[in-house]
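Single-structure report; data block below.
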Amino acid sequence: MLQIDPQDKTHLIDSLFRTGPRFWVAALALAAIVGWGAAMYARQMLLGLAVTGMNRPNYWGIYIVNFIFLIGVSMAGTVITAALYLTGVNWRRPIARIAEATTVFGLMIAGLQVIVDMGRPERMLSMFIYGRAQSPLLWDVASLTLYLLTSSFALYISLMPDLGILRDNLPEAAPRWRRLLYTVLALGWRGNREQWRRLERVIRVVSILIIPIGVSLHTVTSWILSTTLQPGWHSTILGPYFVVGAIFSGIALLFILVTIVRQVSSVKFYIEPRHYRNLGWLFITMSIIWFYFTYTEHLTMIAGQDTVEFPLLASKLWGQDAPSFWGMVLLMALAAYLLISPLLLPVRWERALFFRPRFALATAASAGLALVMAYAPQTQAVVAGPGLPDLPAALRVTAIALLLAAAISILAWLRRHVVGGAVIASVAVVVGMWLERWNIIIPTVTHPRLIAWAAYTPTLTEWSLTAASAALFGLMLLVFFKLFPAVSLWEVAEGRVIDAAQAAIEIPLPPESGQPKWQRRGIRKRLA
Amino acid sequence: MPRWAMVIDLDKCVACQGCSIACRQENNTPVVSPEQAALGRAIRWNDVFPLPLNEPAGAGAYPNVKPRYMTRPCMHCANPACIKVCPVQATYVDEEGLVRVNYNRCIGCRFCTIACPYGVRYFNWEQPTWTPEMAQHLNPDTVSEEGSLEGPAVRPKGVVEKCTFCIHRLRKARARAKLEGRPFRADEYVPACVETCTARARYFGDLSDPDSTVSQLAASGRAFRLQEEAGTHPNVIYLREG
């Protein structure tokens, strides 16, 4: 019989057996979207890929964008938890399970994107029979399979002690099939000394292995593009750029998912603002590296002025791809601002009236009003005469100034609401990173070397399948967290012991100096 | 072993698109609706397009107009970018230097269409269709061995196809020579586009034979290959406009 803290039992185990209407509404809504996507896919199978917006030269579209994006977000889970585990970071414990599940299900959905994109998915197994080792696509299949297997294994072994606990601590009303499920999956886990010793060893080995495997997957995915001769892809920065982007978008998705799980379940007792703050540092680091790589990538293109590459860059900067490119830059800048600036605000300023959220809201609303006025036909009708100011321009400048003031005055709110700030920044980063994947794929395929330039607009089928993929991802997580605790029971219990032990250690302050303060500062007392 | 090559004299080419039409008839290229063609889904194994590609005004303004055209089959590169990325070896180079596609193995991932720097590869976005009259007159030739389907054989939807240098004609020429009990000569076969070329701007032959027409034209000062900087070593050689 495995013991468990009674509080953990109420928060984490008993909640698994209370299925309210909210769960069914969410599950049915997601299942409906998945069903719609399945119908659209059946139609695509029947009519061919002509139902998509793809064409020549636009041979790859939103499916590949989704594929790369999903590969990216799946990076954050297992690789980050493994890195945090190996470096002995204690706060990783409550978020590890959510992160690992994100990886496993994200990878599954990513694999699905490739199948959806194929013209003849029924011949997929040919890759293993006739595979050409030189093809980067085959490297990616190998890497993805390996990463999926390793991260599923990592998820399962860290789940095993929990399954043993669940088996022994089920509520009376638990249905028989769930009792059987946990008993079978626990594989006879009794939590004795030898089992723990083996588990720790396996977790350590897997944690070491998974980091190179994860990095390889993201690098190889970038090599699919960078080993071709296409303008904009044939670059060495793409590998590290993908890895950094992957961790960046992965943390963003993790923040969003952790917050959702936290809001809808009793997990909020385990995941605190300090987790957001700590992971936030990694998020900020990735944001800075991302900007650095983005700048490097585009600078070399500008400096080279290559005849096939420069039109692509021009299209991104001021051509048909400008909305997605500048949208991405704006969202990323917004996220960086939301994450970094609150840390820079001096504490005593917070008391000023200027830093009330009410003030920020009012300023933002005034900015909106000024913008509306600037573009209103009545204002446009005012003719700027000699001596008179250009009214629309003045209003636009006012609006920008007010927006900047609002952005600064919201900082104090952001610092107090770490979770809210992190979630807003994360949504910006998730959308921004999806746009980044778009900006890598689409401008290049629309600007080929020897085919006239083209444009690409995804069709309803492609958007439906994208929505269905997201819904399927959500549904998988929903069902998984209904069956298994979202916070690792044993890791949290272990962390509590470590925290208690660390709290008992008292590091003494340096002894008081006998010297007066002015002497310590090196000021000699002037002799009278 | 011959090394098949084509020489296209741009000085002679009148951009009549005869090669394109002959290729369609010879190789059972599906007909797409005008709407699909406008979306960029027309399949032209042998394409004729104006230069410069992306500047319609690049040819100048009346009366100082200099229209230029390019005619483009598959380059049948000696070092093709497309075959290296195919994850199932559905596209490959054979021992005579022809880059081939096996319609029965292609999984439709379209990596080769992305990798080809010349844009010669086409994808079947939908089930191929013809008007009833055309459907009755499809070329019955196929090049198929066990598990493979190539040449003008009707392609299923969802696979990639491209110019084959009319490999079925090569097969037939070889078979004829064998039947007549004599060795096969490299000048016994030309692709349909070469045969039909109004201006006789196209030459076809064996580049490994130094006395062949293509070898001699390839040595011309006007000879160049498309995008030599891509390192693909095309077997289609152009002669510069004078």
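Following the order of the structure tokens, first chain is A, next is B, and so on, with residues numbered from 1 inside each chain and ligands from 1 in the order they appear.
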Name the residues of region 232-395 of chain A that come out as helix (DSSP H, G or I) in a backbone DSSP run; write them as a ChimeraX atom specification.
/A:238-264,266-269,273-304,310-318,322-344,347-351,353-355,357-375,377-381,391-395
Kindly save the residues from that selection, with C-alpha atoms included, as a short mmCIF file (atom, residue, chain, number, x, y, z; two decimals), in the first residue's frame.
```
data_model
loop_
_atom_site.label_atom_id
_atom_site.label_comp_id
_atom_site.auth_asym_id
_atom_site.auth_seq_id
_atom_site.Cartn_x
_atom_site.Cartn_y
_atom_site.Cartn_z
CA LEU A 238 18.47 27.73 -40.04
CA GLY A 239 19.45 24.82 -37.75
CA PRO A 240 20.14 26.81 -34.56
CA TYR A 241 17.35 29.23 -35.51
CA PHE A 242 14.88 26.36 -35.49
CA VAL A 243 16.13 25.00 -32.18
CA VAL A 244 15.84 28.41 -30.50
CA GLY A 245 12.46 29.08 -32.10
CA ALA A 246 11.33 25.65 -30.96
CA ILE A 247 12.20 26.24 -27.32
CA PHE A 248 10.74 29.75 -27.53
CA SER A 249 7.37 28.69 -28.93
CA GLY A 250 7.39 25.60 -26.73
CA ILE A 251 7.67 27.62 -23.53
CA ALA A 252 4.89 29.89 -24.78
CA LEU A 253 2.56 26.97 -25.38
CA LEU A 254 3.57 25.48 -22.05
CA PHE A 255 2.61 28.71 -20.26
CA ILE A 256 -0.78 28.70 -21.97
CA LEU A 257 -1.49 25.04 -21.24
CA VAL A 258 -0.28 25.24 -17.65
CA THR A 259 -2.54 28.23 -17.10
CA ILE A 260 -5.54 26.45 -18.62
CA VAL A 261 -4.95 23.35 -16.49
CA ARG A 262 -4.45 25.60 -13.48
CA GLN A 263 -7.68 27.50 -14.07
CA VAL A 264 -9.91 24.47 -14.57
CA SER A 266 -7.19 22.16 -8.40
CA VAL A 267 -3.66 22.16 -9.77
CA LYS A 268 -3.47 25.85 -8.83
CA PHE A 269 -2.36 24.77 -5.38
CA PRO A 273 3.54 32.55 -9.77
CA ARG A 274 7.12 31.64 -8.91
CA HIS A 275 7.03 28.90 -11.55
CA TYR A 276 5.98 31.47 -14.11
CA ARG A 277 8.70 33.84 -12.93
CA ASN A 278 11.43 31.18 -13.10
CA LEU A 279 10.41 29.82 -16.50
CA GLY A 280 10.01 33.43 -17.56
CA TRP A 281 13.77 33.92 -17.36
CA LEU A 282 14.30 31.13 -19.88
CA PHE A 283 11.56 32.67 -22.01
CA ILE A 284 13.31 36.06 -21.99
CA THR A 285 16.64 34.45 -22.91
CA MET A 286 15.07 32.67 -25.87
CA SER A 287 13.35 35.87 -26.96
CA ILE A 288 16.68 37.70 -27.06
CA ILE A 289 18.44 34.90 -28.96
CA TRP A 290 15.50 34.72 -31.35
CA PHE A 291 15.82 38.42 -32.19
CA TYR A 292 19.56 38.04 -32.64
CA PHE A 293 19.17 35.12 -35.08
CA THR A 294 16.36 36.80 -36.99
CA TYR A 295 18.51 39.87 -37.42
CA THR A 296 21.52 37.80 -38.53
CA GLU A 297 19.48 35.85 -41.05
CA HIS A 298 18.12 38.94 -42.72
CA LEU A 299 21.32 40.97 -42.50
CA THR A 300 23.27 38.43 -44.56
CA MET A 301 20.54 38.55 -47.19
CA ILE A 302 20.63 42.34 -47.34
CA ALA A 303 24.42 42.42 -47.47
CA GLY A 304 24.62 39.76 -50.17
CA PHE A 310 17.04 39.77 -52.56
CA PRO A 311 13.57 39.77 -54.19
CA LEU A 312 12.50 37.39 -51.45
CA LEU A 313 13.75 39.75 -48.78
CA ALA A 314 12.13 42.72 -50.53
CA SER A 315 8.86 40.82 -50.56
CA LYS A 316 9.16 40.26 -46.81
CA LEU A 317 10.11 43.83 -46.01
CA TRP A 318 7.72 45.77 -48.23
CA ALA A 322 5.20 42.25 -45.44
CA PRO A 323 2.00 41.80 -43.35
CA SER A 324 3.06 38.41 -42.04
CA PHE A 325 6.68 39.48 -41.56
CA TRP A 326 5.97 42.71 -39.70
CA GLY A 327 3.11 41.05 -37.83
CA MET A 328 5.61 38.51 -36.56
CA VAL A 329 8.15 41.20 -35.58
CA LEU A 330 5.47 43.25 -33.79
CA LEU A 331 4.12 40.27 -31.84
CA MET A 332 7.61 39.22 -30.79
CA ALA A 333 8.49 42.77 -29.77
CA LEU A 334 5.26 42.95 -27.78
CA ALA A 335 6.10 39.69 -26.00
CA ALA A 336 9.63 40.86 -25.23
CA TYR A 337 8.24 44.15 -23.88
CA LEU A 338 5.68 42.38 -21.69
CA LEU A 339 8.31 40.07 -20.26
CA ILE A 340 11.29 42.35 -19.80
CA SER A 341 9.94 45.82 -19.01
CA PRO A 342 8.06 45.03 -15.77
CA LEU A 343 11.36 43.82 -14.34
CA LEU A 344 12.98 47.18 -15.03
CA VAL A 347 9.58 49.50 -7.05
CA ARG A 348 8.81 52.86 -5.51
CA TRP A 349 7.37 54.21 -8.76
CA GLU A 350 4.53 51.76 -8.55
CA ARG A 351 2.71 53.95 -6.04
CA LEU A 353 -1.07 57.42 -9.96
CA PHE A 354 0.39 56.95 -13.43
CA PHE A 355 0.89 53.23 -12.80
CA PRO A 357 -4.24 49.96 -14.48
CA ARG A 358 -7.25 52.29 -14.63
CA PHE A 359 -4.99 55.01 -15.93
CA ALA A 360 -3.51 52.65 -18.52
CA LEU A 361 -6.97 51.66 -19.72
CA ALA A 362 -8.09 55.25 -19.94
CA THR A 363 -4.95 56.22 -21.87
CA ALA A 364 -5.33 53.31 -24.28
CA ALA A 365 -8.98 54.20 -24.82
CA SER A 366 -8.05 57.82 -25.53
CA ALA A 367 -5.44 56.61 -28.00
CA GLY A 368 -8.12 54.55 -29.73
CA LEU A 369 -10.40 57.57 -29.83
CA ALA A 370 -7.64 59.72 -31.29
CA LEU A 371 -7.02 57.11 -33.98
CA VAL A 372 -10.71 56.91 -34.84
CA MET A 373 -10.80 60.68 -35.06
CA ALA A 374 -7.69 60.75 -37.21
CA TYR A 375 -9.32 58.55 -39.84
CA PRO A 377 -14.13 61.54 -42.77
CA GLN A 378 -14.91 64.75 -40.89
CA THR A 379 -11.26 65.13 -39.88
CA GLN A 380 -10.01 64.17 -43.33
CA ALA A 381 -12.22 66.95 -44.72
CA LEU A 391 -5.07 67.72 -37.99
CA PRO A 392 -4.99 63.99 -38.92
CA ALA A 393 -1.21 63.89 -38.53
CA ALA A 394 -1.41 65.61 -35.16
CA LEU A 395 -4.06 63.11 -34.03
#
```
Near chain A, which residues of chain B fall within 9 Å when you count only C-alpha atoms, and what do they look like as a ChimeraX atom specification?
/B:36,39-42,53-54,81,83-90,105-111,113-120,122-127,157-160,230
With DSSP run on the backbone, what are the strand (DSSP E) residues within region 74-176 of chain B? I'd like them as a PyMOL selection string.
chain B and resi 91-93+99-101+122-123+143-145+148-150+160-161
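Across A:Arg22, A:Arg193, A:Met40, A:Gln7, the tightest approach to Ser464 (chain A) is made by A:Met40 when counting only C-alpha atoms.
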Top pick for closest residue to Leu149 (chain B), considering B:Ala218, B:Leu10, B:Val101, B:Val190 and counting only C-alpha atoms:
B:Val101
Residues within 10 Å of region 129-131 of chain B, only C-alpha atoms, excluding chain neighbours under 5 positions, as a ChimeraX atom specification:
/B:28-33,136-138,154
Write out the residues from the selection above, keeping N, CA and C atoms, as a tab-separated table (two decimals), in the first residue's frame.
```tsv
chain	number	residue	atom	x	y	z
B	28	ASN	N	0.62	12.01	-72.79
B	28	ASN	CA	-0.66	11.92	-72.09
B	28	ASN	C	-0.74	12.89	-70.91
B	29	THR	N	-0.29	14.11	-71.13
B	29	THR	CA	-0.39	15.10	-70.05
B	29	THR	C	-1.86	15.46	-69.85
B	30	PRO	N	-2.34	15.39	-68.61
B	30	PRO	CA	-3.75	15.69	-68.39
B	30	PRO	C	-4.09	17.14	-68.72
B	31	VAL	N	-5.35	17.34	-69.08
B	31	VAL	CA	-5.83	18.68	-69.40
B	31	VAL	C	-6.49	19.23	-68.14
B	32	VAL	N	-6.15	20.44	-67.75
B	32	VAL	CA	-6.80	21.01	-66.58
B	32	VAL	C	-7.73	22.14	-67.02
B	33	SER	N	-8.72	22.42	-66.18
B	33	SER	CA	-9.68	23.47	-66.52
B	33	SER	C	-8.99	24.83	-66.48
B	136	GLN	N	-9.88	9.07	-76.12
B	136	GLN	CA	-9.82	7.92	-77.04
B	136	GLN	C	-8.47	7.81	-77.73
B	137	HIS	N	-7.72	8.89	-77.70
B	137	HIS	CA	-6.48	8.88	-78.46
B	137	HIS	C	-5.26	9.05	-77.57
B	138	LEU	N	-5.32	8.46	-76.41
B	138	LEU	CA	-4.16	8.53	-75.52
B	138	LEU	C	-3.06	7.63	-76.07
B	154	VAL	N	-0.71	6.70	-67.96
B	154	VAL	CA	-1.60	7.66	-67.29
B	154	VAL	C	-1.28	7.66	-65.79
```
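Compared by their closest atoms to Arg24 (chain B), and using only C-alpha atoms, the residues B:Met6, B:Leu226, B:Cys166, B:Ala175 rank with B:Cys166 nearest.
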For Ile157 (chain A), the closest of A:Leu509, A:Ser488, A:Phe473, A:Phe480 counting only C-alpha atoms is A:Ser488
So the first atom is CA of Leu2 (chain A) and the second is CA of Ile165 (chain A); what is the distance between them in Å, to one decimal place?
5.6 Å
Just give me the gap between CA of Gly35 (chain A) and CA of Ala468 (chain A) in Å, one decimal is fine.
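Calculated distance between CA of Gly35 (chain A) and CA of Ala468 (chain A) is 7.7 Å.
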